[in-house]
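Undergrad: This structure is in structure tokens; I'll ask about it shortly.
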Amino acid sequence: MSLLTTLSLAWRALWRSWVRSLLTMLGIVFGIGAVIAMVASGQGAQQSVREVFQSLGTNVLIITNGAGPSFGASGGAGSRQSLTWTDLSRLSSGEISSIRWVAPVLQTRTQISSEESNWNTSVLGSTADWFRIRNWTAERGVVFDEDTGRSTAKIAILGQTVVKQLFPSSDPIGQTVRIQGQPYEVVGVLTSKGQGPMGDNDDTVIIPVGTHRQKLEKGVANYIRGQILVSMTSDELAESTMAAITANLRDWHKLADADEDDFRIRNPAEFAKAQQQSTERIATLLALVAAVSLFVGGIGVMNIMLVSVIERTREIGIRMAVGARPGDVMTQFLVESMSLALLGGVLGLALGALAAKYMAGYFGWKMFFPATTAAVAFLVSGGVGVVFGLYPAIRASRLDPITALRYES
Amino acid sequence: MALVEMRGIERTYKMGDNVVAALRGVDLTIEAGTSVAVMGTSGSGKSTLMNVMGCLDQPTAGSYHLQGRDVSRLSRAELAEVRGKMIGFVFQSFNLLSRTSALENVELPLIYQGIPARERHRRALAAIEQVGLGGRADHHPSQLSGGQQQRVAIARALVGDAPIIMADEPTGNLDTRTAHEVMGILRGLVGQGKTVILVTHEADIAAHASRVVTLRDGLIIDDRQQTPVVVEVAA
Ligand SMILES: Nc1ncnc2c1ncn2[C@@H]1O[C@H](COP(=O)(O)OP(=O)(O)OP(=O)(O)O)[C@@H](O)[C@H]1O
Ligand SMILES: [Mg+2]
């Protein structure tokens, strides 16, 4: 009996009772769906962790003006100014040996314009070290050096998105952008970093920290209205570095032992790890769901195939009488259970892709469709069909043709 | 060499401690191109004999040569192949696949002989034509009368070019008129060189055969040649 004939026979048998077939498939649909969702979410989470590292640089700590719990609901991070420019220079002095670079980050969202167009973006004020910490270089022109970074020069470095918006048709280097009415000369354009966990990395403009303080902050004297980025010589030193910074800042801020910290130090690597762990938990759960669903789905297939063998006893007898070998009958039922399972697998792939898309949207990941896993899952569903279809198929093939022909349904 | 050669065929069924002997040493030789009616009272072993002869069943003792080949000790798969090649069955209750067209029912034996779809189609249509159901190839069994269903079954028995047609009470579910029509078709097949072996209770059905074998208690008690009745050929 040819494969094509066997297949069409199986499909027709399944189609004949399609509601039953569909219900039988459900377990496999959910099983395979869970597998796909699991792997896609795992990859999405990993990618998002990579992006955190990529956009922040590795070994980075972020110090913010802190609101300890004592500030209560009215507070919130950064609500009280406590970090000073003196803190910054002391941190950069090399006193804590595991600190490599230190950079202030002042951030203002504002309108900027060129001759051609205007655009609302985030304008950062920082220094040369900021580019080193974020491992970010100029695609054209230059980034700040030690002097220009600290100066009050009216120069700006643009991210790619800003370039696209403000200079769609010309080279921005040497041209002028206006930030809050003031003219700045564009000295550099950054390489593209693409989408990051906090949105588009390239939608930004960097100006010297001195200029930011003078033109955008308008005279806040001692306090840093922003963050301090610290990069460490090694990831392993995160704990000790955080402890050292905490001790120093508390000392410099003259905090009593009982006082809460008036600053906060965050370790994005920790954050990323925590996020990864939570997605790993989801993945484990999904793996469990997948295993249970596939097993239950397999039992469902077996059950329905056993019912089908009984219902079709007479048909089996007829087929045997006209020359079907036991092997032919077995193949027919195996192909049927396998088709059932494979169809469930395909629907599961679709469901999984849908779930992956939904999760990607929810967590802000890129959408992944794990092609290799999909292929494996497809084979697994076929395997479930074969394994759980085997017993009913063997029973069908062992029927005695005479008894089967006499069977009254 | 005879087509069917049975020597000392026994078939016993074990029912717990009881042993039922359905056939108790049957010797039977059937030549190709003849028609044989097997008669006998209920329980005399007619169906059992047909099943053994049709390779649906195996004898518990004795030897059976079909076209010279010993078929009394074959595996289930080998028996299936012998059935496919040598024997076309017609049953009392038609035994067609419901929800499947007449054409597909007739194609069925060819599927298991690995014949490609187009060839299957062509031969099945020809067989349906031969039993006079030309216009009804796509009808399902439920859309056909009993006589028409039995014709489909005969077409199915014919399509594989098997030399033997075995029919166990082929007219048992048909009215007299239809029964004789069906017998007419079967007799036509004998004219074309087929061997037709049929089981029947009714003497006027057996009258269509050229030989009548009578069984009682699993033994042949009578075996005689006869001249088949003349049938009015329907226009
Ligand atoms: N599967 C079986 N198990 C046990 N005994 C059986 C089986 N099949 C047939 N028999 C017995 O074998 C004997 C012959 O049965 P068989 O069916 O061959 O009779 P028959 O001549 O065809 O009768 P009928 O005219 O009623 O169809 C009977 O006594 C029957 O009870
Ligand atoms: Mg009988």
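Chain labels run A, B, ... following the order of the structure tokens; each chain numbers its residues from 1, and ligands are numbered from 1 in the order shown.
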Where does chain A meet chain B within 9 Å, residue by residue, with the nearest atom pair and distance in Å to one decimal for each, counting only C-alpha atoms, listed by chain and rising number, as JSON lines?
TA:
{"residue": "A:Met1", "atom": "CA", "partner": "B:Gly114", "partner_atom": "CA", "distance": 4.8}
{"residue": "A:Ser2", "atom": "CA", "partner": "B:Gly114", "partner_atom": "CA", "distance": 6.3}
{"residue": "A:Thr5", "atom": "CA", "partner": "B:Ile111", "partner_atom": "CA", "distance": 7.7}
{"residue": "A:Arg314", "atom": "CA", "partner": "B:Asn95", "partner_atom": "CA", "distance": 7.9}
{"residue": "A:Glu315", "atom": "CA", "partner": "B:Leu97", "partner_atom": "CA", "distance": 6.3}
{"residue": "A:Ile318", "atom": "CA", "partner": "B:Asn95", "partner_atom": "CA", "distance": 6.7}
{"residue": "A:Arg319", "atom": "CA", "partner": "B:Leu108", "partner_atom": "CA", "distance": 7.4}
{"residue": "A:Met320", "atom": "CA", "partner": "B:Ala80", "partner_atom": "CA", "distance": 6.6}
{"residue": "A:Ala321", "atom": "CA", "partner": "B:Arg83", "partner_atom": "CA", "distance": 6.9}
{"residue": "A:Val322", "atom": "CA", "partner": "B:Pro109", "partner_atom": "CA", "distance": 5.0}
{"residue": "A:Gly323", "atom": "CA", "partner": "B:Gly84", "partner_atom": "CA", "distance": 4.0}
{"residue": "A:Ala324", "atom": "CA", "partner": "B:Tyr112", "partner_atom": "CA", "distance": 5.6}
{"residue": "A:Arg325", "atom": "CA", "partner": "B:Ala77", "partner_atom": "CA", "distance": 4.9}
{"residue": "A:Pro326", "atom": "CA", "partner": "B:Ala77", "partner_atom": "CA", "distance": 6.1}
{"residue": "A:Gly327", "atom": "CA", "partner": "B:Ala77", "partner_atom": "CA", "distance": 7.6}
{"residue": "A:Asp328", "atom": "CA", "partner": "B:Tyr112", "partner_atom": "CA", "distance": 7.8}
{"residue": "A:Asp400", "atom": "CA", "partner": "B:Leu56", "partner_atom": "CA", "distance": 8.5}
{"residue": "A:Pro401", "atom": "CA", "partner": "B:Leu56", "partner_atom": "CA", "distance": 6.5}
{"residue": "A:Ile402", "atom": "CA", "partner": "B:Leu56", "partner_atom": "CA", "distance": 6.6}
{"residue": "A:Leu405", "atom": "CA", "partner": "B:Asn95", "partner_atom": "CA", "distance": 7.7}
Undergrad: Next, the residues of the selection above should be written as a CSV table (one decimal), in the first residue's frame with C-alpha atoms.
TA:
chain,number,residue,atom,x,y,z
A,1,MET,CA,0.0,0.0,0.0
A,2,SER,CA,1.5,3.3,-1.1
A,5,THR,CA,-2.9,6.1,-0.2
A,314,ARG,CA,-15.9,-4.7,10.8
A,315,GLU,CA,-14.0,-2.3,8.5
A,318,ILE,CA,-13.3,-6.3,5.4
A,319,ARG,CA,-9.9,-4.9,4.7
A,320,MET,CA,-8.3,-8.1,5.9
A,321,ALA,CA,-10.6,-10.3,3.8
A,322,VAL,CA,-9.7,-8.4,0.6
A,323,GLY,CA,-6.0,-8.8,1.2
A,324,ALA,CA,-4.8,-6.3,3.9
A,325,ARG,CA,-1.9,-7.8,5.8
A,326,PRO,CA,-1.7,-7.3,9.6
A,327,GLY,CA,1.1,-4.9,8.8
A,328,ASP,CA,-1.1,-2.8,6.5
A,400,ASP,CA,-9.1,-12.3,13.6
A,401,PRO,CA,-10.7,-11.5,10.2
A,402,ILE,CA,-13.6,-13.9,10.7
A,405,LEU,CA,-16.3,-9.6,9.9
Undergrad: Please check which protein, DNA or RNA residues sit within 7 Å of ligand 1, counting only C-alpha atoms and all ligand atoms, and write them as a PDB file with all heavy atoms, in the first residue's frame.
TA:
ATOM      1  N   TYR B  13     -12.830 -26.234  17.456  1.00  0.00           N
ATOM      2  CA  TYR B  13     -12.797 -25.031  18.293  1.00  0.00           C
ATOM      3  C   TYR B  13     -12.741 -25.479  19.730  1.00  0.00           C
ATOM      4  O   TYR B  13     -13.496 -26.361  20.139  1.00  0.00           O
ATOM      5  CB  TYR B  13     -14.054 -24.184  18.092  1.00  0.00           C
ATOM      6  CG  TYR B  13     -14.184 -23.604  16.700  1.00  0.00           C
ATOM      7  CD1 TYR B  13     -15.062 -24.154  15.775  1.00  0.00           C
ATOM      8  CD2 TYR B  13     -13.434 -22.485  16.336  1.00  0.00           C
ATOM      9  CE1 TYR B  13     -15.198 -23.609  14.513  1.00  0.00           C
ATOM     10  CE2 TYR B  13     -13.561 -21.940  15.068  1.00  0.00           C
ATOM     11  CZ  TYR B  13     -14.441 -22.502  14.165  1.00  0.00           C
ATOM     12  OH  TYR B  13     -14.568 -21.962  12.922  1.00  0.00           O
ATOM     13  N   LYS B  14     -11.855 -24.872  20.481  1.00  0.00           N
ATOM     14  CA  LYS B  14     -11.812 -25.154  21.919  1.00  0.00           C
ATOM     15  C   LYS B  14     -12.656 -24.110  22.632  1.00  0.00           C
ATOM     16  O   LYS B  14     -12.431 -22.917  22.490  1.00  0.00           O
ATOM     17  CB  LYS B  14     -10.362 -25.088  22.422  1.00  0.00           C
ATOM     18  CG  LYS B  14      -9.589 -26.365  22.162  1.00  0.00           C
ATOM     19  CD  LYS B  14      -8.375 -26.441  23.106  1.00  0.00           C
ATOM     20  CE  LYS B  14      -7.382 -27.505  22.652  1.00  0.00           C
ATOM     21  NZ  LYS B  14      -6.560 -27.075  21.504  1.00  0.00           N
ATOM     22  N   MET B  15     -13.662 -24.580  23.367  1.00  0.00           N
ATOM     23  CA  MET B  15     -14.489 -23.667  24.165  1.00  0.00           C
ATOM     24  C   MET B  15     -14.317 -24.066  25.623  1.00  0.00           C
ATOM     25  O   MET B  15     -15.099 -24.864  26.128  1.00  0.00           O
ATOM     26  CB  MET B  15     -15.966 -23.797  23.775  1.00  0.00           C
ATOM     27  CG  MET B  15     -16.241 -23.696  22.291  1.00  0.00           C
ATOM     28  SD  MET B  15     -16.415 -21.999  21.767  1.00  0.00           S
ATOM     29  CE  MET B  15     -17.994 -21.578  22.480  1.00  0.00           C
ATOM     30  N   VAL B  20     -15.325 -28.357  20.118  1.00  0.00           N
ATOM     31  CA  VAL B  20     -16.333 -28.471  19.072  1.00  0.00           C
ATOM     32  C   VAL B  20     -15.626 -28.790  17.765  1.00  0.00           C
ATOM     33  O   VAL B  20     -14.740 -28.057  17.344  1.00  0.00           O
ATOM     34  CB  VAL B  20     -17.120 -27.144  18.918  1.00  0.00           C
ATOM     35  CG1 VAL B  20     -18.167 -27.289  17.817  1.00  0.00           C
ATOM     36  CG2 VAL B  20     -17.753 -26.743  20.237  1.00  0.00           C
ATOM     37  N   ALA B  21     -16.011 -29.902  17.144  1.00  0.00           N
ATOM     38  CA  ALA B  21     -15.410 -30.246  15.861  1.00  0.00           C
ATOM     39  C   ALA B  21     -16.335 -29.774  14.749  1.00  0.00           C
ATOM     40  O   ALA B  21     -17.378 -30.372  14.503  1.00  0.00           O
ATOM     41  CB  ALA B  21     -15.188 -31.748  15.772  1.00  0.00           C
ATOM     42  N   ALA B  22     -15.966 -28.683  14.088  1.00  0.00           N
ATOM     43  CA  ALA B  22     -16.806 -28.120  13.037  1.00  0.00           C
ATOM     44  C   ALA B  22     -16.573 -28.853  11.718  1.00  0.00           C
ATOM     45  O   ALA B  22     -17.496 -29.031  10.929  1.00  0.00           O
ATOM     46  CB  ALA B  22     -16.525 -26.622  12.876  1.00  0.00           C
ATOM     47  N   GLY B  40     -26.355 -27.861   3.381  1.00  0.00           N
ATOM     48  CA  GLY B  40     -26.321 -28.558   4.658  1.00  0.00           C
ATOM     49  C   GLY B  40     -27.134 -27.799   5.688  1.00  0.00           C
ATOM     50  O   GLY B  40     -27.413 -26.612   5.513  1.00  0.00           O
ATOM     51  N   THR B  41     -27.454 -28.499   6.768  1.00  0.00           N
ATOM     52  CA  THR B  41     -28.266 -27.849   7.796  1.00  0.00           C
ATOM     53  C   THR B  41     -27.423 -26.842   8.564  1.00  0.00           C
ATOM     54  O   THR B  41     -26.194 -26.827   8.461  1.00  0.00           O
ATOM     55  CB  THR B  41     -28.790 -28.894   8.801  1.00  0.00           C
ATOM     56  OG1 THR B  41     -27.658 -29.634   9.266  1.00  0.00           O
ATOM     57  CG2 THR B  41     -29.796 -29.815   8.146  1.00  0.00           C
ATOM     58  N   SER B  42     -28.118 -26.046   9.332  1.00  0.00           N
ATOM     59  CA  SER B  42     -27.411 -25.050  10.135  1.00  0.00           C
ATOM     60  C   SER B  42     -26.469 -25.739  11.110  1.00  0.00           C
ATOM     61  O   SER B  42     -26.851 -26.717  11.750  1.00  0.00           O
ATOM     62  CB  SER B  42     -28.436 -24.196  10.890  1.00  0.00           C
ATOM     63  OG  SER B  42     -27.765 -23.183  11.582  1.00  0.00           O
ATOM     64  N   GLY B  43     -25.240 -25.246  11.190  1.00  0.00           N
ATOM     65  CA  GLY B  43     -24.266 -25.823  12.107  1.00  0.00           C
ATOM     66  C   GLY B  43     -23.530 -27.009  11.534  1.00  0.00           C
ATOM     67  O   GLY B  43     -22.726 -27.636  12.219  1.00  0.00           O
ATOM     68  N   SER B  44     -23.769 -27.308  10.260  1.00  0.00           N
ATOM     69  CA  SER B  44     -23.120 -28.481   9.670  1.00  0.00           C
ATOM     70  C   SER B  44     -21.670 -28.202   9.287  1.00  0.00           C
ATOM     71  O   SER B  44     -20.919 -29.123   8.981  1.00  0.00           O
ATOM     72  CB  SER B  44     -23.909 -28.943   8.438  1.00  0.00           C
ATOM     73  OG  SER B  44     -24.002 -27.878   7.509  1.00  0.00           O
ATOM     74  N   GLY B  45     -21.264 -26.938   9.308  1.00  0.00           N
ATOM     75  CA  GLY B  45     -19.851 -26.614   9.050  1.00  0.00           C
ATOM     76  C   GLY B  45     -19.600 -25.933   7.718  1.00  0.00           C
ATOM     77  O   GLY B  45     -18.454 -25.804   7.283  1.00  0.00           O
ATOM     78  N   LYS B  46     -20.648 -25.435   7.067  1.00  0.00           N
ATOM     79  CA  LYS B  46     -20.497 -24.816   5.741  1.00  0.00           C
ATOM     80  C   LYS B  46     -19.598 -23.581   5.797  1.00  0.00           C
ATOM     81  O   LYS B  46     -18.638 -23.456   5.032  1.00  0.00           O
ATOM     82  CB  LYS B  46     -21.872 -24.408   5.179  1.00  0.00           C
ATOM     83  CG  LYS B  46     -22.884 -25.543   5.124  1.00  0.00           C
ATOM     84  CD  LYS B  46     -24.187 -25.101   4.500  1.00  0.00           C
ATOM     85  CE  LYS B  46     -24.930 -24.050   5.313  1.00  0.00           C
ATOM     86  NZ  LYS B  46     -25.434 -24.548   6.621  1.00  0.00           N
ATOM     87  N   SER B  47     -19.931 -22.691   6.725  1.00  0.00           N
ATOM     88  CA  SER B  47     -19.146 -21.449   6.820  1.00  0.00           C
ATOM     89  C   SER B  47     -17.710 -21.750   7.212  1.00  0.00           C
ATOM     90  O   SER B  47     -16.765 -21.148   6.694  1.00  0.00           O
ATOM     91  CB  SER B  47     -19.776 -20.499   7.836  1.00  0.00           C
ATOM     92  OG  SER B  47     -21.024 -20.045   7.356  1.00  0.00           O
ATOM     93  N   THR B  48     -17.552 -22.694   8.114  1.00  0.00           N
ATOM     94  CA  THR B  48     -16.205 -23.054   8.539  1.00  0.00           C
ATOM     95  C   THR B  48     -15.391 -23.555   7.345  1.00  0.00           C
ATOM     96  O   THR B  48     -14.238 -23.162   7.154  1.00  0.00           O
ATOM     97  CB  THR B  48     -16.268 -24.141   9.634  1.00  0.00           C
ATOM     98  OG1 THR B  48     -17.140 -23.690  10.667  1.00  0.00           O
ATOM     99  CG2 THR B  48     -14.901 -24.410  10.206  1.00  0.00           C
ATOM    100  N   LEU B  49     -16.024 -24.384   6.535  1.00  0.00           N
ATOM    101  CA  LEU B  49     -15.340 -24.904   5.353  1.00  0.00           C
ATOM    102  C   LEU B  49     -14.962 -23.760   4.404  1.00  0.00           C
ATOM    103  O   LEU B  49     -13.839 -23.709   3.884  1.00  0.00           O
ATOM    104  CB  LEU B  49     -16.248 -25.909   4.636  1.00  0.00           C
ATOM    105  CG  LEU B  49     -15.660 -26.517   3.361  1.00  0.00           C
ATOM    106  CD1 LEU B  49     -14.415 -27.341   3.667  1.00  0.00           C
ATOM    107  CD2 LEU B  49     -16.698 -27.377   2.629  1.00  0.00           C
TER     108      LEU B  49
END
Undergrad: With only C-alpha atoms as the counted atoms, please give the residues lying no more than 9 Å from stretch 347-359 of chain A, apart from itself and same-chain residues fewer than 5 positions off, as a PyMOL selection string.
TA: chain A and resi 25-26+28-41+44+342+364-370+374+377-378
Undergrad: Would you mind listing what lies within 12 Å of A:Val307 as a list in words, with only C-alpha atoms counted and same-chain residues fewer than 5 positions away left out?
TA: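 In the requested form, the answer reads Arg20, Thr24, Gly300, Val301, Met302, Arg312, Thr313, Phe333, Gly389, Pro392, Ala393, Arg395, Ala396 and Ser409 of chain A.
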Undergrad: Just to be explicit: take each residue in the selection above, keep N, CA, C and O atoms, and write the result as a PDB file, in the first residue's frame.
TA:
ATOM      1  N   ARG A  20     -14.125  15.243  17.165  1.00  0.00           N
ATOM      2  CA  ARG A  20     -13.418  14.329  18.055  1.00  0.00           C
ATOM      3  C   ARG A  20     -11.909  14.452  17.850  1.00  0.00           C
ATOM      4  O   ARG A  20     -11.149  14.514  18.808  1.00  0.00           O
ATOM      5  N   THR A  24      -9.204  15.598  20.635  1.00  0.00           N
ATOM      6  CA  THR A  24      -8.103  14.703  20.975  1.00  0.00           C
ATOM      7  C   THR A  24      -6.767  15.410  20.876  1.00  0.00           C
ATOM      8  O   THR A  24      -5.854  15.171  21.645  1.00  0.00           O
ATOM      9  N   GLY A 300      -4.725  10.656  25.432  1.00  0.00           N
ATOM     10  CA  GLY A 300      -5.949  10.973  24.692  1.00  0.00           C
ATOM     11  C   GLY A 300      -5.936  10.334  23.313  1.00  0.00           C
ATOM     12  O   GLY A 300      -6.929   9.747  22.873  1.00  0.00           O
ATOM     13  N   VAL A 301      -4.799  10.431  22.655  1.00  0.00           N
ATOM     14  CA  VAL A 301      -4.668   9.834  21.321  1.00  0.00           C
ATOM     15  C   VAL A 301      -4.877   8.325  21.412  1.00  0.00           C
ATOM     16  O   VAL A 301      -5.622   7.729  20.636  1.00  0.00           O
ATOM     17  N   MET A 302      -4.245   7.722  22.426  1.00  0.00           N
ATOM     18  CA  MET A 302      -4.350   6.281  22.585  1.00  0.00           C
ATOM     19  C   MET A 302      -5.803   5.881  22.805  1.00  0.00           C
ATOM     20  O   MET A 302      -6.320   4.942  22.186  1.00  0.00           O
ATOM     21  N   ARG A 312     -14.386   0.387  14.325  1.00  0.00           N
ATOM     22  CA  ARG A 312     -14.120   0.004  12.944  1.00  0.00           C
ATOM     23  C   ARG A 312     -13.694  -1.453  12.800  1.00  0.00           C
ATOM     24  O   ARG A 312     -13.069  -1.822  11.815  1.00  0.00           O
ATOM     25  N   THR A 313     -14.086  -2.258  13.785  1.00  0.00           N
ATOM     26  CA  THR A 313     -13.731  -3.681  13.748  1.00  0.00           C
ATOM     27  C   THR A 313     -14.143  -4.316  12.422  1.00  0.00           C
ATOM     28  O   THR A 313     -13.366  -5.010  11.772  1.00  0.00           O
ATOM     29  N   PHE A 333      -3.435   2.455  11.117  1.00  0.00           N
ATOM     30  CA  PHE A 333      -3.794   3.083  12.389  1.00  0.00           C
ATOM     31  C   PHE A 333      -2.655   3.925  12.956  1.00  0.00           C
ATOM     32  O   PHE A 333      -2.885   4.971  13.564  1.00  0.00           O
ATOM     33  N   GLY A 389       0.078   5.524  19.728  1.00  0.00           N
ATOM     34  CA  GLY A 389      -0.775   4.876  18.738  1.00  0.00           C
ATOM     35  C   GLY A 389      -0.407   3.418  18.534  1.00  0.00           C
ATOM     36  O   GLY A 389      -1.140   2.658  17.911  1.00  0.00           O
ATOM     37  N   PRO A 392      -2.939   0.610  20.204  1.00  0.00           N
ATOM     38  CA  PRO A 392      -4.183   0.420  19.443  1.00  0.00           C
ATOM     39  C   PRO A 392      -3.919  -0.179  18.058  1.00  0.00           C
ATOM     40  O   PRO A 392      -4.674  -1.060  17.613  1.00  0.00           O
ATOM     41  N   ALA A 393      -2.844   0.241  17.415  1.00  0.00           N
ATOM     42  CA  ALA A 393      -2.547  -0.256  16.068  1.00  0.00           C
ATOM     43  C   ALA A 393      -2.246  -1.751  16.103  1.00  0.00           C
ATOM     44  O   ALA A 393      -2.698  -2.510  15.247  1.00  0.00           O
ATOM     45  N   ARG A 395      -3.318  -3.821  18.340  1.00  0.00           N
ATOM     46  CA  ARG A 395      -4.587  -4.519  18.600  1.00  0.00           C
ATOM     47  C   ARG A 395      -5.391  -4.687  17.325  1.00  0.00           C
ATOM     48  O   ARG A 395      -5.981  -5.744  17.086  1.00  0.00           O
ATOM     49  N   ALA A 396      -5.416  -3.628  16.514  1.00  0.00           N
ATOM     50  CA  ALA A 396      -6.163  -3.701  15.258  1.00  0.00           C
ATOM     51  C   ALA A 396      -5.585  -4.792  14.369  1.00  0.00           C
ATOM     52  O   ALA A 396      -6.313  -5.588  13.771  1.00  0.00           O
ATOM     53  N   SER A 409     -21.756  -3.601  15.246  1.00  0.00           N
ATOM     54  CA  SER A 409     -21.464  -2.374  16.009  1.00  0.00           C
ATOM     55  C   SER A 409     -22.731  -1.832  16.652  1.00  0.00           C
ATOM     56  O   SER A 409     -23.818  -2.137  16.240  1.00  0.00           O
TER      57      SER A 409
END
Undergrad: Can you tell me how far atom CA of A:His212 sits from atom CA of A:Leu124, in Å to one decimal?
TA: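 Separation between atom CA of A:His212 and atom CA of A:Leu124: 7.6 Å.
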Undergrad: What are the DSSP helix (DSSP H, G or I) residues of stretch 65-216 of chain B, as JSON, numbers by chain?
TA: {"B": [76, 77, 78, 79, 80, 81, 82, 83, 84, 85, 86, 102, 103, 104, 105, 106, 107, 108, 109, 110, 111, 117, 118, 119, 120, 121, 122, 123, 124, 125, 126, 127, 128, 129, 130, 134, 135, 136, 141, 142, 143, 146, 147, 148, 149, 150, 151, 152, 153, 154, 155, 156, 157, 158, 159, 176, 177, 178, 179, 180, 181, 182, 183, 184, 185, 186, 187, 188, 189, 190, 191, 203, 204, 205, 206]}
Undergrad: Which one of A:Arg50, A:Arg109, A:Lys273, A:Arg398 sits closest to A:Ile206 if you count only C-alpha atoms?
TA: A:Arg109
Undergrad: If we count only C-alpha atoms and set the cut-off at 8 Å, which residues sit around stretch 191-195 of chain B, ignoring sequence neighbours fewer than 3 positions away in its own chain? Please answer as a PDB file with C-alpha atoms, in the first residue's frame.
TA:
ATOM      1  CA  GLU B  31     -11.552 -28.003 -10.649  1.00  0.00           C
ATOM      2  CA  ALA B  32     -11.042 -24.516 -12.052  1.00  0.00           C
ATOM      3  CA  GLY B  33     -13.954 -23.024 -13.987  1.00  0.00           C
ATOM      4  CA  THR B  34     -16.682 -24.920 -12.175  1.00  0.00           C
ATOM      5  CA  SER B  35     -19.417 -23.784  -9.834  1.00  0.00           C
ATOM      6  CA  PRO B 163      -9.651 -16.979  -9.999  1.00  0.00           C
ATOM      7  CA  ILE B 164     -12.033 -17.955  -7.181  1.00  0.00           C
ATOM      8  CA  ILE B 165     -15.202 -16.211  -6.012  1.00  0.00           C
ATOM      9  CA  ARG B 187     -23.032 -17.704 -13.372  1.00  0.00           C
ATOM     10  CA  GLY B 188     -21.798 -15.257 -15.966  1.00  0.00           C
TER      11      GLY B 188
END
Undergrad: In Å, how far is it from atom CA of B:His140 to atom CA of B:Ala153?
TA: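 Calculated distance between atom CA of B:His140 and atom CA of B:Ala153 is 12.5 Å.
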Undergrad: Which residues come within 12 Å of A:Asp202, counting only C-alpha atoms, excluding same-chain residues fewer than 3 positions away, as a PyMOL selection string?
TA: chain A and resi 55+121-123+136+157-165+189-196+198-199+205-206
Undergrad: Keeping N, CA and C atoms for every residue in the selection just given, could you write it to a file as a short mmCIF file (atom, residue, chain, number, x, y, z; two decimals), in the first residue's frame?
TA:
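Writing the result to result.cif gives the following:
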data_model
loop_
_atom_site.label_atom_id
_atom_site.label_comp_id
_atom_site.auth_asym_id
_atom_site.auth_seq_id
_atom_site.Cartn_x
_atom_site.Cartn_y
_atom_site.Cartn_z
N SER A 55 23.87 47.95 26.30
CA SER A 55 23.58 49.38 26.29
C SER A 55 24.16 50.09 27.50
N THR A 121 13.83 64.96 22.27
CA THR A 121 14.72 63.84 22.63
C THR A 121 15.31 64.08 24.00
N SER A 122 16.12 63.13 24.45
CA SER A 122 16.74 63.29 25.75
C SER A 122 18.16 63.82 25.55
N VAL A 123 18.43 64.94 26.22
CA VAL A 123 19.75 65.57 26.11
C VAL A 123 20.54 65.23 27.38
N TRP A 136 31.10 53.27 23.83
CA TRP A 136 30.37 53.84 22.69
C TRP A 136 31.31 54.80 21.97
N ILE A 157 26.97 65.83 20.50
CA ILE A 157 27.18 64.56 19.78
C ILE A 157 25.80 63.90 19.65
N LEU A 158 25.48 63.47 18.43
CA LEU A 158 24.11 62.98 18.19
C LEU A 158 24.06 61.46 18.04
N GLY A 159 22.97 60.91 18.54
CA GLY A 159 22.68 59.49 18.27
C GLY A 159 22.05 59.35 16.89
N GLN A 160 22.07 58.13 16.37
CA GLN A 160 21.63 57.90 14.99
C GLN A 160 20.17 58.30 14.75
N THR A 161 19.32 58.03 15.73
CA THR A 161 17.91 58.35 15.53
C THR A 161 17.71 59.86 15.38
N VAL A 162 18.45 60.61 16.20
CA VAL A 162 18.35 62.07 16.14
C VAL A 162 18.86 62.56 14.79
N VAL A 163 19.94 61.93 14.31
CA VAL A 163 20.47 62.32 13.00
C VAL A 163 19.41 62.11 11.93
N LYS A 164 18.75 60.95 12.01
CA LYS A 164 17.71 60.64 11.00
C LYS A 164 16.60 61.69 11.03
N GLN A 165 16.25 62.13 12.25
CA GLN A 165 15.14 63.07 12.37
C GLN A 165 15.54 64.49 11.96
N VAL A 189 28.88 61.93 15.60
CA VAL A 189 27.68 61.08 15.50
C VAL A 189 28.06 59.70 16.02
N LEU A 190 27.25 59.18 16.95
CA LEU A 190 27.58 57.89 17.58
C LEU A 190 27.23 56.71 16.67
N THR A 191 27.89 55.60 16.90
CA THR A 191 27.49 54.37 16.22
C THR A 191 26.11 53.96 16.74
N SER A 192 25.44 53.12 16.00
CA SER A 192 24.09 52.72 16.42
C SER A 192 24.14 51.60 17.43
N LYS A 193 23.32 51.71 18.49
CA LYS A 193 23.19 50.60 19.45
C LYS A 193 21.81 49.97 19.39
N GLY A 194 20.95 50.60 18.62
CA GLY A 194 19.63 50.00 18.42
C GLY A 194 18.74 50.07 19.66
N GLN A 195 17.80 49.12 19.69
CA GLN A 195 16.79 49.11 20.74
C GLN A 195 17.38 48.54 22.03
N GLY A 196 17.10 49.18 23.14
CA GLY A 196 17.57 48.65 24.42
C GLY A 196 16.39 48.45 25.35
N MET A 198 15.45 50.18 27.80
CA MET A 198 14.73 51.42 28.13
C MET A 198 14.29 52.14 26.86
N GLY A 199 14.23 51.45 25.76
CA GLY A 199 13.81 52.10 24.53
C GLY A 199 14.98 52.25 23.57
N VAL A 205 21.06 62.91 22.63
CA VAL A 205 22.08 63.91 22.28
C VAL A 205 22.95 64.09 23.51
N ILE A 206 24.26 64.12 23.32
CA ILE A 206 25.15 64.31 24.47
C ILE A 206 25.87 65.65 24.32
#
Undergrad: Tell me, as a PyMOL selection string, which residues lie within 10 Å of B:Val230, counting only C-alpha atoms; anything in the same chain fewer than 5 positions away does not count.
TA: chain B and resi 184+207-208
